[in-house]
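Undergrad: Data: final-v7.pdb, PDB, C-alpha atoms.
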```pdb
ATOM      1  CA  MET A   9     -55.539   1.752  99.713
ATOM      2  CA  GLY A  10     -55.732  -2.033  99.587
ATOM      3  CA  GLU A  11     -55.256  -1.962  95.803
ATOM      4  CA  GLU A  12     -52.097   0.191  96.149
ATOM      5  CA  LYS A  13     -50.662  -2.227  98.684
ATOM      6  CA  LYS A  14     -51.478  -5.166  96.444
ATOM      7  CA  ALA A  15     -49.808  -3.448  93.482
ATOM      8  CA  SER A  16     -46.648  -2.731  95.468
ATOM      9  CA  ILE A  17     -46.492  -6.365  96.620
ATOM     10  CA  GLY A  18     -46.801  -7.416  92.978
ATOM     11  CA  VAL A  19     -44.080  -5.039  91.774
ATOM     12  CA  TRP A  20     -41.432  -5.839  94.400
ATOM     13  CA  PRO A  21     -40.960  -9.542  93.572
ATOM     14  CA  THR A  22     -40.372  -8.530  89.946
ATOM     15  CA  VAL A  23     -37.801  -5.803  90.610
ATOM     16  CA  LYS A  24     -36.216  -7.498  93.642
ATOM     17  CA  PRO A  25     -33.730  -9.700  91.686
ATOM     18  CA  PHE A  26     -32.568  -6.648  89.743
ATOM     19  CA  VAL A  27     -32.154  -4.445  92.850
ATOM     20  CA  ASN A  28     -30.334  -7.203  94.735
ATOM     21  CA  GLY A  29     -28.052  -7.980  91.786
ATOM     22  CA  GLY A  30     -27.051  -4.356  91.245
ATOM     23  CA  ALA A  31     -26.447  -3.693  94.942
ATOM     24  CA  SER A  32     -24.275  -6.799  95.399
ATOM     25  CA  GLY A  33     -22.232  -5.996  92.283
ATOM     26  CA  MET A  34     -21.619  -2.390  93.360
ATOM     27  CA  LEU A  35     -20.481  -3.450  96.840
ATOM     28  CA  ALA A  36     -18.110  -6.017  95.353
ATOM     29  CA  THR A  37     -16.676  -3.417  92.945
ATOM     30  CA  CYS A  38     -15.757  -1.065  95.801
ATOM     31  CA  VAL A  39     -13.500  -3.821  97.165
ATOM     32  CA  ILE A  40     -12.047  -5.094  93.872
ATOM     33  CA  GLN A  41     -11.408  -1.807  92.008
ATOM     34  CA  PRO A  42      -7.613  -1.617  92.750
ATOM     35  CA  ILE A  43      -7.038  -5.139  91.389
ATOM     36  CA  ASP A  44      -9.085  -4.275  88.302
ATOM     37  CA  MET A  45      -6.880  -1.230  87.680
ATOM     38  CA  ILE A  46      -3.734  -3.377  87.829
ATOM     39  CA  LYS A  47      -5.312  -5.936  85.461
ATOM     40  CA  VAL A  48      -6.078  -3.261  82.837
ATOM     41  CA  ARG A  49      -2.525  -1.830  83.042
ATOM     42  CA  ILE A  50      -1.018  -5.318  82.570
ATOM     43  CA  GLN A  51      -3.181  -5.896  79.490
ATOM     44  CA  LEU A  52      -1.986  -2.544  78.137
ATOM     45  CA  GLY A  53       1.584  -3.839  78.303
ATOM     46  CA  GLN A  54       2.973  -1.981  81.331
ATOM     47  CA  GLY A  55       4.636  -5.002  82.930
ATOM     48  CA  SER A  56       3.963  -7.487  85.715
ATOM     49  CA  ALA A  57       1.556  -6.993  88.608
ATOM     50  CA  GLY A  58       4.392  -5.991  90.946
ATOM     51  CA  ALA A  59       5.933  -3.558  88.456
ATOM     52  CA  VAL A  60       2.575  -1.950  87.676
ATOM     53  CA  THR A  61       1.737  -1.569  91.361
ATOM     54  CA  ARG A  62       5.094   0.035  92.193
ATOM     55  CA  ALA A  63       4.924   2.378  89.201
ATOM     56  CA  MET A  64       1.391   3.491  90.053
ATOM     57  CA  LEU A  65       2.257   4.165  93.687
ATOM     58  CA  LYS A  66       5.418   6.062  92.746
ATOM     59  CA  ASN A  67       4.090   8.112  89.823
ATOM     60  CA  GLU A  68       0.375   8.570  90.512
ATOM     61  CA  GLY A  69      -0.234   7.885  94.191
ATOM     62  CA  ILE A  70      -2.659   5.535  95.924
ATOM     63  CA  GLY A  71      -5.672   7.365  94.505
ATOM     64  CA  ALA A  72      -4.767   6.045  91.036
ATOM     65  CA  PHE A  73      -6.013   2.597  92.068
ATOM     66  CA  TYR A  74      -9.526   4.044  92.231
ATOM     67  CA  ASN A  75      -9.447   5.832  88.870
ATOM     68  CA  GLY A  76     -12.704   5.002  87.130
ATOM     69  CA  LEU A  77     -14.546   3.937  90.299
ATOM     70  CA  SER A  78     -17.592   5.994  89.322
ATOM     71  CA  ALA A  79     -17.674   4.234  85.939
ATOM     72  CA  GLY A  80     -17.206   0.878  87.654
ATOM     73  CA  LEU A  81     -20.158   1.537  89.947
ATOM     74  CA  LEU A  82     -22.276   2.752  87.040
ATOM     75  CA  ARG A  83     -21.346  -0.392  85.120
ATOM     76  CA  GLN A  84     -22.508  -2.587  87.998
ATOM     77  CA  ALA A  85     -25.689  -0.538  88.386
ATOM     78  CA  THR A  86     -26.520  -1.294  84.745
ATOM     79  CA  TYR A  87     -24.733  -4.515  83.743
ATOM     80  CA  THR A  88     -24.992  -6.567  86.942
ATOM     81  CA  THR A  89     -28.491  -5.322  87.711
ATOM     82  CA  ALA A  90     -29.621  -6.548  84.292
ATOM     83  CA  ARG A  91     -27.699  -9.844  84.148
ATOM     84  CA  LEU A  92     -28.427 -11.176  87.652
ATOM     85  CA  GLY A  93     -32.039 -10.016  87.545
ATOM     86  CA  THR A  94     -32.567 -11.549  84.108
ATOM     87  CA  PHE A  95     -30.870 -14.819  85.100
ATOM     88  CA  LYS A  96     -33.085 -15.143  88.179
ATOM     89  CA  ILE A  97     -36.247 -14.596  86.151
ATOM     90  CA  LEU A  98     -35.152 -16.909  83.309
ATOM     91  CA  THR A  99     -34.228 -19.762  85.659
ATOM     92  CA  ALA A 100     -37.466 -19.338  87.632
ATOM     93  CA  LYS A 101     -39.483 -19.589  84.383
ATOM     94  CA  ALA A 102     -37.428 -22.573  83.243
ATOM     95  CA  ILE A 103     -37.910 -24.387  86.574
ATOM     96  CA  GLU A 104     -41.633 -23.702  86.357
ATOM     97  CA  ALA A 105     -41.692 -25.182  82.862
ATOM     98  CA  ASN A 106     -39.705 -28.161  84.186
ATOM     99  CA  ASP A 107     -42.417 -28.949  86.775
ATOM    100  CA  GLY A 108     -40.313 -27.578  89.633
ATOM    101  CA  LYS A 109     -37.390 -29.949  89.045
ATOM    102  CA  PRO A 110     -33.760 -28.676  89.106
ATOM    103  CA  LEU A 111     -32.515 -27.550  85.713
ATOM    104  CA  PRO A 112     -29.844 -29.527  83.841
ATOM    105  CA  LEU A 113     -26.511 -27.759  83.391
ATOM    106  CA  TYR A 114     -27.032 -26.943  79.707
ATOM    107  CA  GLN A 115     -30.272 -25.066  80.492
ATOM    108  CA  LYS A 116     -28.516 -23.065  83.201
ATOM    109  CA  ALA A 117     -25.751 -22.291  80.704
ATOM    110  CA  LEU A 118     -28.302 -21.057  78.157
ATOM    111  CA  CYS A 119     -29.915 -18.838  80.802
ATOM    112  CA  GLY A 120     -26.441 -17.500  81.695
ATOM    113  CA  LEU A 121     -25.612 -16.782  78.036
ATOM    114  CA  THR A 122     -28.876 -14.891  77.553
ATOM    115  CA  ALA A 123     -28.545 -12.930  80.797
ATOM    116  CA  GLY A 124     -24.963 -11.997  79.935
ATOM    117  CA  ALA A 125     -25.931 -10.722  76.478
ATOM    118  CA  ILE A 126     -28.768  -8.580  77.863
ATOM    119  CA  GLY A 127     -26.668  -7.218  80.723
ATOM    120  CA  ALA A 128     -23.723  -6.351  78.474
ATOM    121  CA  SER A 129     -25.938  -4.556  75.968
ATOM    122  CA  VAL A 130     -27.300  -2.369  78.763
ATOM    123  CA  GLY A 131     -23.930  -1.817  80.450
ATOM    124  CA  SER A 132     -21.664  -1.364  77.405
ATOM    125  CA  PRO A 133     -21.492   2.478  77.555
ATOM    126  CA  ALA A 134     -20.432   2.408  81.210
ATOM    127  CA  ASP A 135     -17.903  -0.325  80.413
ATOM    128  CA  LEU A 136     -16.380   1.840  77.668
ATOM    129  CA  ALA A 137     -16.139   4.797  80.070
ATOM    130  CA  LEU A 138     -14.479   2.560  82.680
ATOM    131  CA  ILE A 139     -11.824   1.234  80.263
ATOM    132  CA  ARG A 140     -10.995   4.721  78.977
ATOM    133  CA  MET A 141     -10.729   6.220  82.469
ATOM    134  CA  GLN A 142      -8.473   3.384  83.635
ATOM    135  CA  ALA A 143      -6.252   3.558  80.534
ATOM    136  CA  ASP A 144      -6.046   7.381  80.352
ATOM    137  CA  ALA A 145      -2.875   7.739  82.429
ATOM    138  CA  THR A 146      -1.034   5.285  80.138
ATOM    139  CA  LEU A 147      -1.531   7.487  77.045
ATOM    140  CA  PRO A 148       0.839  10.248  75.876
ATOM    141  CA  VAL A 149      -0.068  13.551  77.519
ATOM    142  CA  ALA A 150      -1.400  15.003  74.260
ATOM    143  CA  GLN A 151      -3.816  12.088  73.817
ATOM    144  CA  ARG A 152      -5.226  11.971  77.350
ATOM    145  CA  ARG A 153      -8.933  12.662  77.683
ATOM    146  CA  HIS A 154      -8.964  13.730  81.367
ATOM    147  CA  TYR A 155     -12.469  12.529  82.150
ATOM    148  CA  THR A 156     -13.478  13.656  85.649
ATOM    149  CA  ASN A 157     -16.200  11.050  86.232
ATOM    150  CA  ALA A 158     -18.283   8.451  84.423
ATOM    151  CA  PHE A 159     -21.141  10.772  83.505
ATOM    152  CA  GLN A 160     -18.770  13.381  82.040
ATOM    153  CA  ALA A 161     -17.035  10.601  80.094
ATOM    154  CA  LEU A 162     -20.341   9.396  78.654
ATOM    155  CA  TYR A 163     -21.376  12.965  77.769
ATOM    156  CA  ARG A 164     -18.088  13.753  76.033
ATOM    157  CA  ILE A 165     -17.999  10.468  74.108
ATOM    158  CA  GLY A 166     -21.535  11.110  72.885
ATOM    159  CA  ALA A 167     -20.846  14.768  72.041
ATOM    160  CA  ASP A 168     -17.423  14.280  70.402
ATOM    161  CA  GLU A 169     -17.858  10.930  68.673
ATOM    162  CA  GLY A 170     -21.624  10.489  68.340
ATOM    163  CA  VAL A 171     -24.130   8.580  70.464
ATOM    164  CA  LEU A 172     -23.406   5.265  68.739
ATOM    165  CA  ALA A 173     -19.754   5.572  69.838
ATOM    166  CA  LEU A 174     -20.988   4.737  73.355
ATOM    167  CA  TRP A 175     -21.380   1.181  72.076
ATOM    168  CA  LYS A 176     -17.883   1.024  70.514
ATOM    169  CA  GLY A 177     -16.588  -2.466  71.210
ATOM    170  CA  ALA A 178     -20.098  -3.622  72.191
ATOM    171  CA  GLY A 179     -19.712  -6.751  70.047
ATOM    172  CA  PRO A 180     -16.725  -8.179  71.961
ATOM    173  CA  THR A 181     -18.204  -6.852  75.214
ATOM    174  CA  VAL A 182     -21.402  -8.846  74.673
ATOM    175  CA  VAL A 183     -19.529 -11.997  73.597
ATOM    176  CA  ARG A 184     -17.204 -11.717  76.607
ATOM    177  CA  ALA A 185     -20.183 -11.224  78.938
ATOM    178  CA  MET A 186     -21.950 -14.249  77.481
ATOM    179  CA  ALA A 187     -18.864 -16.408  78.093
ATOM    180  CA  LEU A 188     -18.322 -15.001  81.601
ATOM    181  CA  ASN A 189     -21.936 -15.408  82.673
ATOM    182  CA  MET A 190     -22.225 -18.881  81.218
ATOM    183  CA  GLY A 191     -19.261 -19.870  83.393
ATOM    184  CA  MET A 192     -20.259 -17.820  86.432
ATOM    185  CA  LEU A 193     -24.010 -18.318  86.720
ATOM    186  CA  ALA A 194     -24.392 -21.907  85.543
ATOM    187  CA  SER A 195     -21.462 -23.204  87.602
ATOM    188  CA  TYR A 196     -22.683 -21.380  90.732
ATOM    189  CA  ASP A 197     -26.161 -22.871  90.602
ATOM    190  CA  GLN A 198     -24.751 -26.320  89.837
ATOM    191  CA  SER A 199     -22.188 -26.043  92.643
ATOM    192  CA  VAL A 200     -24.819 -24.921  95.165
ATOM    193  CA  GLU A 201     -26.846 -28.054  94.408
ATOM    194  CA  PHE A 202     -23.734 -30.238  94.678
ATOM    195  CA  CYS A 203     -22.515 -28.659  97.935
ATOM    196  CA  LYS A 204     -25.937 -28.840  99.590
ATOM    197  CA  ASP A 205     -27.309 -32.144  98.330
ATOM    198  CA  THR A 206     -24.164 -34.247  97.859
ATOM    199  CA  LEU A 207     -21.658 -32.813 100.354
ATOM    200  CA  GLY A 208     -24.163 -31.638 102.961
ATOM    201  CA  PHE A 209     -22.504 -28.237 103.440
ATOM    202  CA  GLY A 210     -24.084 -25.516 105.548
ATOM    203  CA  GLU A 211     -25.234 -22.210 104.080
ATOM    204  CA  MET A 212     -22.002 -20.204 104.366
ATOM    205  CA  ALA A 213     -19.761 -23.099 103.313
ATOM    206  CA  THR A 214     -22.020 -23.668 100.303
ATOM    207  CA  VAL A 215     -21.863 -20.002  99.279
ATOM    208  CA  LEU A 216     -18.063 -19.873  99.660
ATOM    209  CA  GLY A 217     -17.470 -23.157  97.845
ATOM    210  CA  ALA A 218     -19.900 -22.485  95.006
ATOM    211  CA  SER A 219     -18.701 -18.906  94.538
ATOM    212  CA  SER A 220     -15.068 -20.073  94.319
ATOM    213  CA  VAL A 221     -15.936 -22.542  91.566
ATOM    214  CA  SER A 222     -18.055 -19.877  89.893
ATOM    215  CA  GLY A 223     -15.191 -17.365  89.963
ATOM    216  CA  PHE A 224     -12.685 -19.746  88.381
ATOM    217  CA  PHE A 225     -14.968 -20.717  85.494
ATOM    218  CA  ALA A 226     -15.981 -17.103  84.924
ATOM    219  CA  ALA A 227     -12.302 -16.134  84.540
ATOM    220  CA  ALA A 228     -11.296 -19.111  82.407
ATOM    221  CA  CYS A 229     -14.207 -18.678  79.987
ATOM    222  CA  SER A 230     -14.005 -14.918  79.595
ATOM    223  CA  LEU A 231     -10.353 -13.774  79.565
ATOM    224  CA  PRO A 232      -9.698 -14.263  75.807
ATOM    225  CA  PHE A 233     -12.766 -12.161  75.017
ATOM    226  CA  ASP A 234     -11.835  -9.612  77.687
ATOM    227  CA  TYR A 235      -8.379  -9.221  76.137
ATOM    228  CA  VAL A 236      -9.841  -8.500  72.680
ATOM    229  CA  LYS A 237     -12.463  -6.165  74.133
ATOM    230  CA  THR A 238      -9.816  -4.139  75.977
ATOM    231  CA  GLN A 239      -7.631  -3.818  72.873
ATOM    232  CA  ILE A 240     -10.583  -2.603  70.771
ATOM    233  CA  GLN A 241     -11.841  -0.096  73.333
ATOM    234  CA  LYS A 242      -8.475   1.562  74.051
ATOM    235  CA  MET A 243      -7.096   1.727  70.477
ATOM    236  CA  GLN A 244      -6.106   5.107  69.034
ATOM    237  CA  PRO A 245      -5.827   6.095  65.351
ATOM    238  CA  ASP A 246      -2.350   6.612  63.881
ATOM    239  CA  ALA A 247      -1.136   9.784  62.132
ATOM    240  CA  GLU A 248      -3.135   8.861  59.026
ATOM    241  CA  GLY A 249      -6.315   8.233  60.993
ATOM    242  CA  ARG A 250      -6.205   4.441  60.690
ATOM    243  CA  TYR A 251      -6.957   2.180  63.645
ATOM    244  CA  PRO A 252      -4.738  -0.841  64.348
ATOM    245  CA  TYR A 253      -7.725  -3.216  64.164
ATOM    246  CA  THR A 254     -10.800  -3.149  61.937
ATOM    247  CA  GLY A 255     -12.839  -5.116  64.456
ATOM    248  CA  SER A 256     -12.778  -7.804  67.114
ATOM    249  CA  LEU A 257     -12.151 -10.657  64.661
ATOM    250  CA  ASP A 258      -9.246  -8.767  63.079
ATOM    251  CA  CYS A 259      -7.841  -8.089  66.552
ATOM    252  CA  ALA A 260      -8.179 -11.767  67.504
ATOM    253  CA  MET A 261      -6.455 -12.977  64.315
ATOM    254  CA  LYS A 262      -3.573 -10.470  64.588
ATOM    255  CA  THR A 263      -3.107 -11.337  68.275
ATOM    256  CA  LEU A 264      -3.108 -15.069  67.478
ATOM    257  CA  LYS A 265      -0.566 -14.569  64.689
ATOM    258  CA  ALA A 266       1.716 -12.346  66.779
ATOM    259  CA  GLY A 267       1.642 -14.153  70.106
ATOM    260  CA  GLY A 268      -0.133 -17.485  69.738
ATOM    261  CA  PRO A 269      -3.139 -18.735  71.765
ATOM    262  CA  LEU A 270      -1.527 -18.007  75.134
ATOM    263  CA  LYS A 271      -1.381 -14.294  74.276
ATOM    264  CA  PHE A 272      -5.110 -14.158  74.979
ATOM    265  CA  TYR A 273      -4.346 -15.248  78.549
ATOM    266  CA  THR A 274      -1.972 -12.353  79.237
ATOM    267  CA  GLY A 275      -2.424 -11.388  82.872
ATOM    268  CA  PHE A 276      -4.464 -14.524  83.693
ATOM    269  CA  PRO A 277      -3.265 -14.861  87.323
ATOM    270  CA  VAL A 278      -4.185 -11.240  88.093
ATOM    271  CA  TYR A 279      -7.382 -11.521  86.044
ATOM    272  CA  CYS A 280      -8.365 -14.665  87.946
ATOM    273  CA  VAL A 281      -7.479 -12.982  91.249
ATOM    274  CA  ARG A 282      -9.642 -10.031  90.235
ATOM    275  CA  ILE A 283     -12.589 -11.941  88.731
ATOM    276  CA  ALA A 284     -12.838 -14.738  91.304
ATOM    277  CA  PRO A 285     -12.990 -12.462  94.396
ATOM    278  CA  HIS A 286     -15.443 -10.136  92.634
ATOM    279  CA  VAL A 287     -17.659 -13.095  91.774
ATOM    280  CA  MET A 288     -17.327 -14.483  95.305
ATOM    281  CA  MET A 289     -18.100 -11.158  96.929
ATOM    282  CA  THR A 290     -21.034 -10.566  94.594
ATOM    283  CA  TRP A 291     -22.564 -13.895  95.640
ATOM    284  CA  ILE A 292     -21.733 -13.342  99.325
ATOM    285  CA  PHE A 293     -23.199  -9.822  99.324
ATOM    286  CA  LEU A 294     -26.231 -11.117  97.438
ATOM    287  CA  ASN A 295     -26.711 -13.861 100.009
ATOM    288  CA  GLN A 296     -26.476 -11.373 102.883
ATOM    289  CA  ILE A 297     -28.847  -8.908 101.180
ATOM    290  CA  GLN A 298     -31.397 -11.693 100.699
ATOM    291  CA  LYS A 299     -31.063 -12.733 104.361
ATOM    292  CA  LEU A 300     -31.546  -9.110 105.470
ATOM    293  CA  GLU A 301     -34.642  -8.740 103.287
ATOM    294  CA  LYS A 302     -36.049 -11.976 104.660
ATOM    295  CA  SER A 303     -35.488 -10.804 108.247
ATOM    296  CA  VAL A 304     -37.457  -7.596 107.645
ATOM    297  CA  GLY A 305     -40.183  -9.312 105.647
ATOM    298  CA  LEU A 306     -39.323  -8.094 102.132
TER     299      LEU A 306
END
```
Turn this file's structure into structure tokens for me.
TA:
Amino acid sequence: MGEEKKASIGVWPTVKPFVNGGASGMLATCVIQPIDMIKVRIQLGQGSAGAVTRAMLKNEGIGAFYNGLSAGLLRQATYTTARLGTFKILTAKAIEANDGKPLPLYQKALCGLTAGAIGASVGSPADLALIRMQADATLPVAQRRHYTNAFQALYRIGADEGVLALWKGAGPTVVRAMALNMGMLASYDQSVEFCKDTLGFGEMATVLGASSVSGFFAAACSLPFDYVKTQIQKMQPDAEGRYPYTGSLDCAMKTLKAGGPLKFYTGFPVYCVRIAPHVMMTWIFLNQIQKLEKSVGL
């Protein structure tokens, strides 16, 4: 009996960062999903945020803003669980190796890059399902896939296109996640130290301030990669079976040639509005989950 209790105590600290990360990401997604839908439609060339919102309300109804929610939740349950859990473990090991001293920014950035790559590799199939479900209504009727939920989308992609198709666009997804998590995770930890030690902020003010900084850097670092990733994942073959892009580099070069560097920042205000609140809410929910666990002795 005592050995079982000891084993459970040993297991929980290991899985705790992963459970907390996934739960906070899923809660944040429930709030941010409508903004994410608008962001995807803008990147697919359907107009401004206002025009997209009006068109969706008029043509598809309010439920359209939650298209792909199941895929979004599945993505958080895989991607955010892996990235936040991995980042926590990596930084803890790095601090231990640094004799308990705070890590310099470049080490936090390296931990963020690694955590982002691992998380994106795990969550790429759910991310593909999410993009396709959100973009489905923008396709011609004959090309629509009509996925009913994330699991059906994953099953059909695997059955119709092969299991490896679940990782279509995984390259740009991983690169985008590395950029996002470098900006998000490293800047949050650095900002927490600055707000607490230099500015003397309280707990909630520190979380709000650090999460705001974290959200901005996450958006600024990741949008160019997110734009390429979205274009790759939603592309359709032409009448001769050829795709518009051969890969992410080809997509990036054609986009740069056609629209210049600023083309990669199409929809930046909406993207920043979507990313920053999601990042903030993820950190806020994570903080509250940790406080709740502490109050009940977990």
Undergrad: A:Ala57, A:Ala36, A:Ala173, A:Leu82: which is nearest Gly275 of chain A, counting only C-alpha atoms?
TA: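 That would be A:Ala57, the residue with the smallest distance to Gly275 of chain A.
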Undergrad: Would you tabulate, counting only C-alpha atoms, all residues of segment 99-194 of chain A that have an atom at most 8 Å from an atom of segment 67-80 of chain A, showing the closest pair of atoms and their distance in Å to one decimal, sorted by chain then ascending number, as CSV?
TA:
```
residue,atom,partner,partner_atom,distance
A:Ala134,CA,A:Ala79,CA,5.8
A:Asp135,CA,A:Ala79,CA,7.2
A:Ala137,CA,A:Ala79,CA,6.1
A:Leu138,CA,A:Ala79,CA,4.9
A:Ile139,CA,A:Gly76,CA,7.9
A:Met141,CA,A:Gly76,CA,5.2
A:Gln142,CA,A:Gly76,CA,5.7
A:Asn157,CA,A:Ser78,CA,6.1
A:Ala158,CA,A:Ala79,CA,4.5
A:Phe159,CA,A:Ala79,CA,7.8
```
Undergrad: Would you mind exporting the chosen residues as a tab-separated table (two decimals), in the frame of the given file, restricted to C-alpha atoms?
TA:
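result-v5.tsv written:
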```
chain	number	residue	atom	x	y	z
A	134	ALA	CA	-20.43	2.41	81.21
A	135	ASP	CA	-17.90	-0.32	80.41
A	137	ALA	CA	-16.14	4.80	80.07
A	138	LEU	CA	-14.48	2.56	82.68
A	139	ILE	CA	-11.82	1.23	80.26
A	141	MET	CA	-10.73	6.22	82.47
A	142	GLN	CA	-8.47	3.38	83.64
A	157	ASN	CA	-16.20	11.05	86.23
A	158	ALA	CA	-18.28	8.45	84.42
A	159	PHE	CA	-21.14	10.77	83.50
```
Undergrad: For a quick check of understanding, using all atoms listed in the file, which of A:Val23, A:Ala145, A:Cys203, A:Leu216 has the smallest distance to Thr290 of chain A?
TA: A:Leu216
Undergrad: Which value, in Å to one decimal, gives the distance between atom CA of His286 of chain A and atom CA of Thr94 of chain A?
TA: 19.2 Å
Undergrad: Have a look at atom CA of Cys280 of chain A and atom CA of Gly30 of chain A and let me know their distance in Å, one decimal.
TA: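 Taking atom CA of Cys280 of chain A and atom CA of Gly30 of chain A, their separation equals 21.6 Å.
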Undergrad: Could you list, with a cut-off of 12 Å and counting all atoms listed in the file, the residues of segment 122-203 of chain A near segment 104-113 of chain A, each shown with its nearest atom pair and the distance in Å rounded to one decimal, rows sorted by chain and ascending number, as CSV?
TA:
```
residue,atom,partner,partner_atom,distance
A:Met190,CA,A:Leu113,CA,10.1
A:Gly191,CA,A:Leu113,CA,10.7
A:Leu193,CA,A:Leu113,CA,10.3
A:Ala194,CA,A:Leu113,CA,6.6
A:Ser195,CA,A:Leu113,CA,8.0
A:Tyr196,CA,A:Leu113,CA,10.5
A:Asp197,CA,A:Leu113,CA,8.7
A:Gln198,CA,A:Leu113,CA,6.8
A:Ser199,CA,A:Leu113,CA,10.4
A:Val200,CA,A:Pro110,CA,11.4
A:Glu201,CA,A:Pro110,CA,8.7
A:Phe202,CA,A:Pro110,CA,11.6
```
Undergrad: Residues near Ile43 of chain A, anyone? I mean within 9 Å using only C-alpha atoms, not counting same-chain ones fewer than 4 positions away, as a count of residues only.
TA: 8
Undergrad: Using Å and a single decimal, report how far atom CA of Ala228 of chain A sits from atom CA of Asp144 of chain A.
TA: 27.1 Å
Undergrad: Select, from A:Ser132, A:Lys101, A:Ala247, A:Gly58, the residue with the minimum atom-to-atom distance to Thr86 of chain A, counting all atoms listed in the file.
TA: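 Result for the nearest residue to Thr86 of chain A: A:Ser132.
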